[in-house]
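Undergrad: Please find upload-v2.pdb (PDB, C-alpha atoms) on the next line:
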ATOM      1  CA  MET N   1      41.304  -5.781   2.670
ATOM      2  CA  THR N   2      38.723  -3.058   2.058
ATOM      3  CA  GLU N   3      37.796  -2.623  -1.590
ATOM      4  CA  THR N   4      38.597   0.750  -3.141
ATOM      5  CA  PHE N   5      35.829   2.372  -5.170
ATOM      6  CA  THR N   6      36.668   4.804  -7.934
ATOM      7  CA  LYS N   7      34.277   7.580  -9.000
ATOM      8  CA  GLU N   8      33.482   7.556 -12.709
ATOM      9  CA  ASP N   9      32.595  10.417 -15.075
ATOM     10  CA  GLY N  10      30.825  10.600 -18.429
ATOM     11  CA  ASN N  11      27.339  10.271 -19.939
ATOM     12  CA  THR N  12      26.374  13.443 -18.076
ATOM     13  CA  GLU N  13      23.257  14.283 -20.084
ATOM     14  CA  LEU N  14      21.789  10.794 -19.662
ATOM     15  CA  TRP N  15      22.448  10.693 -15.914
ATOM     16  CA  HIS N  16      20.999  14.176 -15.475
ATOM     17  CA  THR N  17      17.865  13.131 -17.349
ATOM     18  CA  ILE N  18      17.403  10.008 -15.215
ATOM     19  CA  PHE N  19      17.978  11.549 -11.788
ATOM     20  CA  ALA N  20      17.051  15.232 -12.201
ATOM     21  CA  VAL N  21      14.229  15.093 -14.728
ATOM     22  CA  GLY N  22      13.093  11.481 -14.993
ATOM     23  CA  HIS N  23      13.689   9.276 -18.013
ATOM     24  CA  PRO N  24      10.275   8.308 -19.455
ATOM     25  CA  ASP N  25      11.241   4.685 -20.146
ATOM     26  CA  LEU N  26      12.703   4.135 -16.680
ATOM     27  CA  SER N  27       9.819   5.976 -14.988
ATOM     28  CA  ALA N  28       7.315   3.722 -16.750
ATOM     29  CA  GLN N  29       9.229   0.622 -15.639
ATOM     30  CA  GLN N  30       9.412   1.838 -12.034
ATOM     31  CA  SER N  31       5.689   2.582 -11.951
ATOM     32  CA  PHE N  32       4.818  -0.869 -13.314
ATOM     33  CA  HIS N  33       7.328  -2.820 -11.228
ATOM     34  CA  ALA N  34       6.326  -1.058  -7.992
ATOM     35  CA  ARG N  35       2.844  -2.614  -8.278
ATOM     36  CA  LEU N  36       4.244  -6.151  -8.437
ATOM     37  CA  PRO N  37       5.076  -8.164  -5.315
ATOM     38  CA  ARG N  38       7.601  -8.213  -3.724
ATOM     39  CA  ASP N  39      10.854  -7.086  -2.071
ATOM     40  CA  PRO N  40      13.789  -7.347  -2.516
ATOM     41  CA  ARG N  41      13.904  -5.279  -5.704
ATOM     42  CA  CYS N  42      16.314  -3.816  -8.200
ATOM     43  CA  LYS N  43      17.568  -0.504  -6.815
ATOM     44  CA  LEU N  44      17.164   1.237 -10.162
ATOM     45  CA  CYS N  45      14.066  -0.061 -11.983
ATOM     46  CA  LYS N  46      12.300  -1.580  -8.904
ATOM     47  CA  ALA N  47      11.838  -4.975 -10.563
ATOM     48  CA  PRO N  48      10.875  -7.495  -7.842
ATOM     49  CA  PHE N  49      13.166 -10.442  -7.207
ATOM     50  CA  ALA N  50      10.867 -12.562  -5.016
ATOM     51  CA  GLY N  51       7.284 -13.783  -4.914
ATOM     52  CA  LEU N  52       4.977 -13.907  -7.917
ATOM     53  CA  GLY N  53       6.426 -10.636  -9.196
ATOM     54  CA  GLY N  54       9.907 -12.111  -9.160
ATOM     55  CA  LEU N  55       8.664 -15.190 -11.004
ATOM     56  CA  TYR N  56       7.055 -12.972 -13.642
ATOM     57  CA  MET N  57      10.248 -10.930 -14.012
ATOM     58  CA  ARG N  58      12.329 -14.073 -14.513
ATOM     59  CA  PHE N  59       9.891 -15.149 -17.217
ATOM     60  CA  ARG N  60      10.501 -11.741 -18.820
ATOM     61  CA  GLY N  61      14.264 -12.262 -18.602
ATOM     62  CA  LYS N  62      14.934 -10.033 -15.568
ATOM     63  CA  ALA N  63      16.696 -11.482 -12.556
ATOM     64  CA  PRO N  64      19.289 -10.358 -10.000
ATOM     65  CA  SER N  65      22.597  -9.630 -11.667
ATOM     66  CA  ARG N  66      25.302 -12.197 -11.049
ATOM     67  CA  ARG N  67      27.745  -9.335 -10.446
ATOM     68  CA  ASN N  68      25.627  -7.229  -8.100
ATOM     69  CA  LYS N  69      22.504  -8.566  -6.388
ATOM     70  CA  ASN N  70      21.241  -5.009  -5.764
ATOM     71  CA  TYR N  71      20.416  -4.604  -9.470
ATOM     72  CA  CYS N  72      18.657  -6.676 -12.084
ATOM     73  CA  ASN N  73      20.703  -7.947 -15.005
ATOM     74  CA  ALA N  74      19.262  -5.245 -17.304
ATOM     75  CA  CYS N  75      20.089  -2.328 -15.002
ATOM     76  CA  ASP N  76      23.519  -3.747 -14.212
ATOM     77  CA  GLY N  77      24.058  -3.868 -17.961
ATOM     78  CA  PHE N  78      23.032  -0.199 -18.159
ATOM     79  CA  LEU N  79      25.533   0.796 -15.466
ATOM     80  CA  ASP N  80      28.231  -1.127 -17.314
ATOM     81  CA  ALA N  81      27.364   0.401 -20.685
ATOM     82  CA  PHE N  82      26.870   3.992 -19.482
ATOM     83  CA  PRO N  83      29.187   4.662 -16.516
ATOM     84  CA  GLY N  84      29.327   8.244 -15.329
ATOM     85  CA  GLY N  85      27.107  10.707 -13.516
ATOM     86  CA  ALA N  86      25.851  14.270 -13.155
ATOM     87  CA  GLU N  87      25.346  17.031 -10.601
ATOM     88  CA  VAL N  88      21.755  16.972  -9.368
ATOM     89  CA  GLY N  89      19.975  18.842  -6.596
ATOM     90  CA  MET N  90      18.233  16.377  -4.286
ATOM     91  CA  SER N  91      17.353  15.463  -0.711
ATOM     92  CA  VAL N  92      19.784  13.211   1.177
ATOM     93  CA  LEU N  93      19.362  11.225   4.388
ATOM     94  CA  PHE N  94      21.862   9.487   6.667
ATOM     95  CA  ALA N  95      20.809   7.426   9.678
ATOM     96  CA  ASP N  96      23.089   5.432  11.951
ATOM     97  CA  ILE N  97      22.972   3.527  15.214
ATOM     98  CA  ARG N  98      24.560   4.960  18.338
ATOM     99  CA  ASN N  99      27.075   3.065  20.514
ATOM    100  CA  SER N 100      27.252  -0.014  18.278
ATOM    101  CA  THR N 101      30.760  -0.968  19.422
ATOM    102  CA  ALA N 102      29.906  -0.814  23.123
ATOM    103  CA  PHE N 103      26.713  -2.790  22.549
ATOM    104  CA  ALA N 104      28.540  -5.503  20.593
ATOM    105  CA  GLU N 105      31.152  -5.865  23.327
ATOM    106  CA  THR N 106      28.549  -6.741  25.943
ATOM    107  CA  ALA N 107      25.731  -8.316  23.907
ATOM    108  CA  GLY N 108      27.690 -10.521  21.506
ATOM    109  CA  PRO N 109      27.722 -10.808  17.703
ATOM    110  CA  LYS N 110      24.266 -12.394  17.245
ATOM    111  CA  ALA N 111      22.502  -9.720  19.284
ATOM    112  CA  ALA N 112      24.476  -7.007  17.506
ATOM    113  CA  SER N 113      23.448  -8.419  14.141
ATOM    114  CA  ASP N 114      19.777  -8.643  15.175
ATOM    115  CA  ARG N 115      19.904  -5.034  16.368
ATOM    116  CA  VAL N 116      21.316  -3.748  13.085
ATOM    117  CA  ASN N 117      18.797  -5.750  11.064
ATOM    118  CA  ARG N 118      15.862  -4.381  13.099
ATOM    119  CA  PHE N 119      17.065  -0.870  12.346
ATOM    120  CA  LEU N 120      17.671  -1.537   8.653
ATOM    121  CA  ASP N 121      14.270  -3.181   8.174
ATOM    122  CA  ALA N 122      12.406  -0.287   9.800
ATOM    123  CA  ALA N 123      14.479   2.433   8.108
ATOM    124  CA  THR N 124      14.169   0.776   4.696
ATOM    125  CA  LYS N 125      10.384   0.695   5.028
ATOM    126  CA  SER N 126      10.224   4.385   5.980
ATOM    127  CA  ILE N 127      12.465   5.362   3.069
ATOM    128  CA  THR N 128      10.779   3.257   0.396
ATOM    129  CA  ASP N 129       7.261   4.120   1.621
ATOM    130  CA  ASN N 130       8.223   7.760   1.034
ATOM    131  CA  ASP N 131       9.673   7.160  -2.458
ATOM    132  CA  GLY N 132      13.321   7.292  -1.420
ATOM    133  CA  PHE N 133      16.211   5.592  -3.236
ATOM    134  CA  ILE N 134      18.443   3.552  -0.916
ATOM    135  CA  LEU N 135      22.049   3.946  -1.983
ATOM    136  CA  ALA N 136      23.940   1.911   0.569
ATOM    137  CA  PHE N 137      24.118   0.126   3.883
ATOM    138  CA  TYR N 138      27.415   0.851   5.623
ATOM    139  CA  GLY N 139      27.478  -1.440   8.630
ATOM    140  CA  ASP N 140      25.075   0.242  11.051
ATOM    141  CA  CYS N 141      24.362   3.209   8.748
ATOM    142  CA  ILE N 142      21.874   3.651   5.899
ATOM    143  CA  VAL N 143      22.167   6.264   3.130
ATOM    144  CA  ALA N 144      19.219   7.324   0.976
ATOM    145  CA  VAL N 145      18.451   9.991  -1.612
ATOM    146  CA  TRP N 146      15.356  11.523  -3.165
ATOM    147  CA  PRO N 147      16.349  12.516  -6.729
ATOM    148  CA  PRO N 148      13.653  14.614  -8.442
ATOM    149  CA  GLY N 149      13.754  12.254 -11.421
ATOM    150  CA  PHE N 150      12.692   9.381  -9.152
ATOM    151  CA  SER N 151      10.759  11.074  -6.370
ATOM    152  CA  GLY N 152       9.257  14.127  -8.066
ATOM    153  CA  PRO N 153       9.349  17.807  -7.102
ATOM    154  CA  ASP N 154       8.065  17.115  -3.563
ATOM    155  CA  HIS N 155      11.219  15.197  -2.628
ATOM    156  CA  ALA N 156      12.128  17.434   0.356
ATOM    157  CA  ARG N 157       8.823  16.807   2.119
ATOM    158  CA  MET N 158       9.068  13.044   1.524
ATOM    159  CA  ALA N 159      12.626  12.923   2.877
ATOM    160  CA  LEU N 160      11.515  14.914   5.920
ATOM    161  CA  THR N 161       8.671  12.477   6.566
ATOM    162  CA  ALA N 162      11.019   9.504   6.342
ATOM    163  CA  ALA N 163      13.453  11.160   8.762
ATOM    164  CA  ARG N 164      10.643  11.776  11.262
ATOM    165  CA  GLU N 165       9.479   8.165  11.023
ATOM    166  CA  ILE N 166      12.966   6.715  11.525
ATOM    167  CA  ALA N 167      13.585   8.936  14.553
ATOM    168  CA  ALA N 168      10.160   8.127  16.018
ATOM    169  CA  ASP N 169      10.859   4.416  15.653
ATOM    170  CA  ALA N 170      14.083   4.923  17.621
ATOM    171  CA  ARG N 171      12.008   6.370  20.488
ATOM    172  CA  SER N 172       9.287   3.717  20.434
ATOM    173  CA  GLY N 173      10.096   2.085  23.771
ATOM    174  CA  ALA N 174      11.580  -1.221  24.906
ATOM    175  CA  GLY N 175      13.745  -2.803  22.232
ATOM    176  CA  ALA N 176      14.009   0.397  20.212
ATOM    177  CA  VAL N 177      17.329   0.867  18.434
ATOM    178  CA  PRO N 178      19.026   4.215  19.268
ATOM    179  CA  VAL N 179      19.433   5.965  15.922
ATOM    180  CA  GLY N 180      20.495   9.480  14.919
ATOM    181  CA  VAL N 181      19.221  10.919  11.619
ATOM    182  CA  GLY N 182      20.417  13.756   9.409
ATOM    183  CA  VAL N 183      18.471  15.033   6.392
ATOM    184  CA  HIS N 184      19.544  17.812   4.035
ATOM    185  CA  MET N 185      19.094  19.107   0.491
ATOM    186  CA  GLY N 186      21.657  20.366  -2.014
ATOM    187  CA  LYS N 187      23.515  19.671  -5.209
ATOM    188  CA  VAL N 188      25.473  16.397  -5.235
ATOM    189  CA  TYR N 189      27.287  14.391  -7.864
ATOM    190  CA  ILE N 190      25.425  11.111  -8.358
ATOM    191  CA  GLY N 191      27.030   8.496 -10.542
ATOM    192  CA  THR N 192      28.747   5.172 -10.835
ATOM    193  CA  VAL N 193      31.690   3.912  -8.845
ATOM    194  CA  GLN N 194      33.695   0.896  -9.880
ATOM    195  CA  ALA N 195      35.765  -1.657  -8.030
ATOM    196  CA  ALA N 196      37.511  -4.933  -8.777
ATOM    197  CA  LYS N 197      38.984  -3.460 -11.974
ATOM    198  CA  GLY N 198      35.569  -2.628 -13.356
ATOM    199  CA  LEU N 199      33.909  -5.969 -12.527
ATOM    200  CA  PHE N 200      31.603  -4.321  -9.984
ATOM    201  CA  ARG N 201      29.670  -1.054 -10.359
ATOM    202  CA  ASP N 202      27.319   0.722  -8.003
ATOM    203  CA  VAL N 203      25.742   4.172  -7.663
ATOM    204  CA  SER N 204      27.071   6.634  -5.103
ATOM    205  CA  ILE N 205      26.991  10.336  -4.220
ATOM    206  CA  PHE N 206      29.764  12.877  -3.690
ATOM    207  CA  GLY N 207      30.159  16.483  -2.580
ATOM    208  CA  VAL N 208      30.130  18.737   0.442
ATOM    209  CA  GLU N 209      26.341  18.466   0.835
ATOM    210  CA  VAL N 210      26.784  14.723   1.325
ATOM    211  CA  ASN N 211      29.282  15.450   4.094
ATOM    212  CA  VAL N 212      26.898  17.963   5.680
ATOM    213  CA  THR N 213      24.171  15.314   5.831
ATOM    214  CA  ALA N 214      26.497  12.744   7.380
ATOM    215  CA  ARG N 215      27.639  15.269   9.993
ATOM    216  CA  LEU N 216      24.047  16.179  10.846
ATOM    217  CA  ALA N 217      23.358  12.496  11.502
ATOM    218  CA  ALA N 218      26.463  12.269  13.686
ATOM    219  CA  ALA N 219      25.383  15.368  15.654
ATOM    220  CA  ALA N 220      21.855  14.061  16.262
ATOM    221  CA  ALA N 221      21.089  12.480  19.602
ATOM    222  CA  ALA N 222      19.630   8.989  19.780
ATOM    223  CA  GLY N 223      16.027   9.190  18.619
ATOM    224  CA  GLU N 224      16.570  12.621  17.061
ATOM    225  CA  ALA N 225      16.420  13.746  13.426
ATOM    226  CA  LEU N 226      18.227  16.961  12.486
ATOM    227  CA  ALA N 227      16.960  18.641   9.314
ATOM    228  CA  SER N 228      18.769  21.504   7.630
ATOM    229  CA  LYS N 229      17.072  24.870   7.232
ATOM    230  CA  VAL N 230      17.299  24.650   3.440
ATOM    231  CA  LEU N 231      15.476  21.304   3.369
ATOM    232  CA  ILE N 232      12.773  22.452   5.791
ATOM    233  CA  ALA N 233      12.183  25.555   3.677
ATOM    234  CA  ALA N 234      11.909  23.462   0.508
ATOM    235  CA  ALA N 235       9.483  21.063   2.220
ATOM    236  CA  GLY N 236       7.250  23.970   3.243
ATOM    237  CA  VAL N 237       6.434  22.482   6.641
ATOM    238  CA  GLY N 238       6.862  23.618  10.204
ATOM    239  CA  ALA N 239       9.774  22.442  12.300
ATOM    240  CA  GLY N 240      11.413  23.079  15.633
ATOM    241  CA  GLU N 241      13.600  26.004  16.639
ATOM    242  CA  MET N 242      16.623  26.513  14.415
ATOM    243  CA  ARG N 243      20.075  26.113  15.884
ATOM    244  CA  SER N 244      23.443  26.946  14.376
ATOM    245  CA  LEU N 245      25.724  23.903  14.315
ATOM    246  CA  ASP N 246      29.481  23.759  13.877
ATOM    247  CA  LEU N 247      29.865  20.404  12.162
ATOM    248  CA  LYS N 248      33.166  18.548  12.024
ATOM    249  CA  GLY N 249      35.000  19.202   8.754
ATOM    250  CA  ILE N 250      32.412  21.742   7.519
ATOM    251  CA  SER N 251      33.800  25.285   7.310
ATOM    252  CA  ARG N 252      30.451  27.081   7.609
ATOM    253  CA  PRO N 253      27.870  26.885  10.397
ATOM    254  CA  VAL N 254      24.815  24.855   9.366
ATOM    255  CA  GLU N 255      21.349  25.893  10.557
ATOM    256  CA  ALA N 256      19.172  22.928  11.441
ATOM    257  CA  ALA N 257      16.196  21.978  13.591
ATOM    258  CA  ALA N 258      15.272  18.844  15.484
ATOM    259  CA  LEU N 259      12.123  17.319  14.003
ATOM    260  CA  ALA N 260       9.229  16.751  16.370
TER     261      ALA N 260
END
Once you've parsed the file, please lay out its structure as structure tokens.

TA:
Amino acid sequence: MTETFTKEDGNTELWHTIFAVGHPDLSAQQSFHARLPRDPRCKLCKAPFAGLGGLYMRFRGKAPSRRNKNYCNACDGFLDAFPGGAEVGMSVLFADIRNSTAFAETAGPKAASDRVNRFLDAATKSITDNDGFILAFYGDCIVAVWPPGFSGPDHARMALTAAREIAADARSGAGAVPVGVGVHMGKVYIGTVQAAKGLFRDVSIFGVEVNVTARLAAAAAAGEALASKVLIAAAGVGAGEMRSLDLKGISRPVEAAALA
């Protein structure tokens, strides 16, 4: 049975400081941890879990949480102690594989798994190289955000660069995974969700701008990245010709361009 996640509220000022402004203590940890080898890392403070960096972190008392391997024990403790969230303007990216069901029917489960993992590895590198924050992997889809408190004021340009790289990788020739990308900017609610009666917490995003981004990704052709007009304007870079899109479930037309 699919687990139900419940959005949590509270601790608004703290969450706004972390994701919109940048908490000085967390920013210092992220800067230090990012220089240590190697992935995988805590999603929040970037503490490494493997290699010499992971060994050093374990010596310092930081290790993957027993409840949630995506976070270190310290950051999981923070999420547990300060559940909630805040509305923050940020850049958001969705990318997902096209025709996964049809491919799995003919190629088999092992080939389908290898295909998804190739996509996730490449997309993760593009996102993290451009200072993005990976929120979730949903099957053959990846969701990432660029909160100003993590990524700085230039978050729109960095998200745009990541979107271009992911789309370019999907056009790279034999063996390329057909992926559609949507990237957008707007105010979202970022905060904790809980499941298993509070025994598991993660960070997620909510709001119509999240839905717009997901619909842009769904509307993109394989190997194409669609970027909203508002994000392109914030990034201050050139893009292709704007088109007006009627996206499923979105009441207003959304202007977007395909990234070259």

Undergrad: By how many Å are CA of Phe150 (chain N) and CA of Ser27 (chain N) apart?

TA: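 Taking CA of Phe150 (chain N) as the start and CA of Ser27 (chain N) as the end point, the length is 7.3 Å.
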
Undergrad: Do you know which residues lie at most 6 Å from (18.7, 10.9, 1.4), with coordinates as in the file and only C-alpha atoms counted, and could you write them as JSON, numbers by chain?

TA: {"N": [91, 92, 93, 144, 145, 146]}

Undergrad: Do you know which residues the PyMOL selection byres ((chain N and resi 119-136) around 7) returns on this file, as number ranges by chain?

TA: N: 115-118, 137-138, 142-146, 151, 158, 162, 165-166, 177, 203-204

Undergrad: Taking the file as shown, find all residues satisfying the PyMOL selection byres ((chain N and resi 230) around 12) and write them as a PyMOL selection string.

TA: chain N and resi 89-92+156-157+160+183-187+209+212-213+226-229+231-237+239+242+254-257

Undergrad: For the PyMOL selection byres ((chain N and resi 72-82) around 10), applied here, can you spell out every residue it catches as a PyMOL selection string?

TA: chain N and resi 9-12+14-15+26+41-49+57+61-71+83-85+191-194+198-203

Undergrad: Report the distance between CA of Gly139 (chain N) and CA of Glu105 (chain N) in Å, rounded to one decimal place.

TA: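 Taking CA of Gly139 (chain N) as the start and CA of Glu105 (chain N) as the end point, the length is 15.8 Å.
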
Undergrad: Looking at N:Val88, N:Ala112, N:Leu216, N:Ala107, which one is nearest to Pro148 (chain N), with distances taken over only C-alpha atoms?

TA: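 Once distances to Pro148 (chain N) are computed over only C-alpha atoms, the minimum belongs to N:Val88.
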
Undergrad: Would you mind reading off the distance between CA of Val188 (chain N) and CA of Ile205 (chain N), one decimal, in Å?

TA: 6.3 Å

Undergrad: Working from the structure I just supplied, which lacks atoms in region 113-124 of chain N, can you model all heavy atoms there and output them as a PDB file, in the frame of the given file?

TA:
ATOM      1  N   SER N 113      23.990  -8.251  15.484  1.00  0.00           N
ATOM      2  CA  SER N 113      23.448  -8.419  14.141  1.00  0.00           C
ATOM      3  C   SER N 113      21.938  -8.220  14.124  1.00  0.00           C
ATOM      4  O   SER N 113      21.392  -7.540  13.238  1.00  0.00           O
ATOM      5  CB  SER N 113      23.785  -9.816  13.605  1.00  0.00           C
ATOM      6  OG  SER N 113      23.157 -10.062  12.373  1.00  0.00           O
ATOM      7  N   ASP N 114      21.233  -8.798  15.106  1.00  0.00           N
ATOM      8  CA  ASP N 114      19.777  -8.643  15.175  1.00  0.00           C
ATOM      9  C   ASP N 114      19.397  -7.175  15.332  1.00  0.00           C
ATOM     10  O   ASP N 114      18.427  -6.697  14.733  1.00  0.00           O
ATOM     11  CB  ASP N 114      19.215  -9.448  16.339  1.00  0.00           C
ATOM     12  CG  ASP N 114      19.299 -10.946  16.107  1.00  0.00           C
ATOM     13  OD1 ASP N 114      19.502 -11.361  14.941  1.00  0.00           O
ATOM     14  OD2 ASP N 114      19.177 -11.704  17.089  1.00  0.00           O
ATOM     15  N   ARG N 115      20.168  -6.458  16.121  1.00  0.00           N
ATOM     16  CA  ARG N 115      19.904  -5.034  16.368  1.00  0.00           C
ATOM     17  C   ARG N 115      20.036  -4.219  15.081  1.00  0.00           C
ATOM     18  O   ARG N 115      19.185  -3.394  14.756  1.00  0.00           O
ATOM     19  CB  ARG N 115      20.883  -4.546  17.427  1.00  0.00           C
ATOM     20  CG  ARG N 115      20.697  -3.126  17.933  1.00  0.00           C
ATOM     21  CD  ARG N 115      21.754  -2.901  18.994  1.00  0.00           C
ATOM     22  NE  ARG N 115      21.589  -1.684  19.743  1.00  0.00           N
ATOM     23  CZ  ARG N 115      22.499  -0.719  19.783  1.00  0.00           C
ATOM     24  NH1 ARG N 115      23.597  -0.827  19.059  1.00  0.00           N
ATOM     25  NH2 ARG N 115      22.323   0.352  20.531  1.00  0.00           N
ATOM     26  N   VAL N 116      21.112  -4.461  14.342  1.00  0.00           N
ATOM     27  CA  VAL N 116      21.316  -3.748  13.085  1.00  0.00           C
ATOM     28  C   VAL N 116      20.202  -4.072  12.094  1.00  0.00           C
ATOM     29  O   VAL N 116      19.676  -3.186  11.414  1.00  0.00           O
ATOM     30  CB  VAL N 116      22.694  -4.088  12.482  1.00  0.00           C
ATOM     31  CG1 VAL N 116      22.822  -3.543  11.065  1.00  0.00           C
ATOM     32  CG2 VAL N 116      23.810  -3.528  13.358  1.00  0.00           C
ATOM     33  N   ASN N 117      19.833  -5.354  12.016  1.00  0.00           N
ATOM     34  CA  ASN N 117      18.797  -5.750  11.064  1.00  0.00           C
ATOM     35  C   ASN N 117      17.432  -5.158  11.412  1.00  0.00           C
ATOM     36  O   ASN N 117      16.656  -4.806  10.508  1.00  0.00           O
ATOM     37  CB  ASN N 117      18.707  -7.268  10.978  1.00  0.00           C
ATOM     38  CG  ASN N 117      19.850  -7.866  10.195  1.00  0.00           C
ATOM     39  OD1 ASN N 117      20.326  -7.267   9.237  1.00  0.00           O
ATOM     40  ND2 ASN N 117      20.313  -9.040  10.590  1.00  0.00           N
ATOM     41  N   ARG N 118      17.115  -5.034  12.701  1.00  0.00           N
ATOM     42  CA  ARG N 118      15.862  -4.381  13.099  1.00  0.00           C
ATOM     43  C   ARG N 118      15.839  -2.938  12.607  1.00  0.00           C
ATOM     44  O   ARG N 118      14.842  -2.450  12.074  1.00  0.00           O
ATOM     45  CB  ARG N 118      15.693  -4.407  14.628  1.00  0.00           C
ATOM     46  CG  ARG N 118      15.257  -5.735  15.198  1.00  0.00           C
ATOM     47  CD  ARG N 118      14.660  -5.593  16.598  1.00  0.00           C
ATOM     48  NE  ARG N 118      15.540  -4.898  17.534  1.00  0.00           N
ATOM     49  CZ  ARG N 118      16.493  -5.485  18.247  1.00  0.00           C
ATOM     50  NH1 ARG N 118      16.701  -6.792  18.116  1.00  0.00           N
ATOM     51  NH2 ARG N 118      17.218  -4.792  19.090  1.00  0.00           N
ATOM     52  N   PHE N 119      16.957  -2.259  12.800  1.00  0.00           N
ATOM     53  CA  PHE N 119      17.065  -0.870  12.346  1.00  0.00           C
ATOM     54  C   PHE N 119      16.948  -0.769  10.833  1.00  0.00           C
ATOM     55  O   PHE N 119      16.190   0.057  10.304  1.00  0.00           O
ATOM     56  CB  PHE N 119      18.398  -0.287  12.824  1.00  0.00           C
ATOM     57  CG  PHE N 119      18.921   0.849  11.982  1.00  0.00           C
ATOM     58  CD1 PHE N 119      18.214   2.041  11.859  1.00  0.00           C
ATOM     59  CD2 PHE N 119      20.127   0.728  11.310  1.00  0.00           C
ATOM     60  CE1 PHE N 119      18.703   3.086  11.085  1.00  0.00           C
ATOM     61  CE2 PHE N 119      20.615   1.759  10.536  1.00  0.00           C
ATOM     62  CZ  PHE N 119      19.898   2.945  10.418  1.00  0.00           C
ATOM     63  N   LEU N 120      17.679  -1.615  10.114  1.00  0.00           N
ATOM     64  CA  LEU N 120      17.671  -1.537   8.653  1.00  0.00           C
ATOM     65  C   LEU N 120      16.294  -1.852   8.083  1.00  0.00           C
ATOM     66  O   LEU N 120      15.849  -1.207   7.124  1.00  0.00           O
ATOM     67  CB  LEU N 120      18.725  -2.487   8.072  1.00  0.00           C
ATOM     68  CG  LEU N 120      20.192  -2.152   8.372  1.00  0.00           C
ATOM     69  CD1 LEU N 120      21.117  -3.186   7.727  1.00  0.00           C
ATOM     70  CD2 LEU N 120      20.552  -0.752   7.894  1.00  0.00           C
ATOM     71  N   ASP N 121      15.611  -2.834   8.649  1.00  0.00           N
ATOM     72  CA  ASP N 121      14.270  -3.181   8.174  1.00  0.00           C
ATOM     73  C   ASP N 121      13.313  -2.003   8.340  1.00  0.00           C
ATOM     74  O   ASP N 121      12.563  -1.654   7.413  1.00  0.00           O
ATOM     75  CB  ASP N 121      13.723  -4.399   8.922  1.00  0.00           C
ATOM     76  CG  ASP N 121      14.390  -5.697   8.506  1.00  0.00           C
ATOM     77  OD1 ASP N 121      15.058  -5.708   7.462  1.00  0.00           O
ATOM     78  OD2 ASP N 121      14.232  -6.700   9.236  1.00  0.00           O
ATOM     79  N   ALA N 122      13.325  -1.392   9.534  1.00  0.00           N
ATOM     80  CA  ALA N 122      12.406  -0.287   9.800  1.00  0.00           C
ATOM     81  C   ALA N 122      12.755   0.940   8.962  1.00  0.00           C
ATOM     82  O   ALA N 122      11.874   1.597   8.396  1.00  0.00           O
ATOM     83  CB  ALA N 122      12.430   0.067  11.294  1.00  0.00           C
ATOM     84  N   ALA N 123      14.056   1.257   8.866  1.00  0.00           N
ATOM     85  CA  ALA N 123      14.479   2.433   8.108  1.00  0.00           C
ATOM     86  C   ALA N 123      14.206   2.250   6.619  1.00  0.00           C
ATOM     87  O   ALA N 123      13.771   3.186   5.933  1.00  0.00           O
ATOM     88  CB  ALA N 123      15.963   2.707   8.344  1.00  0.00           C
ATOM     89  N   THR N 124      14.433   1.050   6.111  1.00  0.00           N
ATOM     90  CA  THR N 124      14.169   0.776   4.696  1.00  0.00           C
ATOM     91  C   THR N 124      12.697   0.986   4.378  1.00  0.00           C
ATOM     92  O   THR N 124      12.344   1.569   3.347  1.00  0.00           O
ATOM     93  CB  THR N 124      14.591  -0.659   4.347  1.00  0.00           C
ATOM     94  OG1 THR N 124      16.001  -0.777   4.482  1.00  0.00           O
ATOM     95  CG2 THR N 124      14.197  -1.018   2.918  1.00  0.00           C
TER      96      THR N 124
END
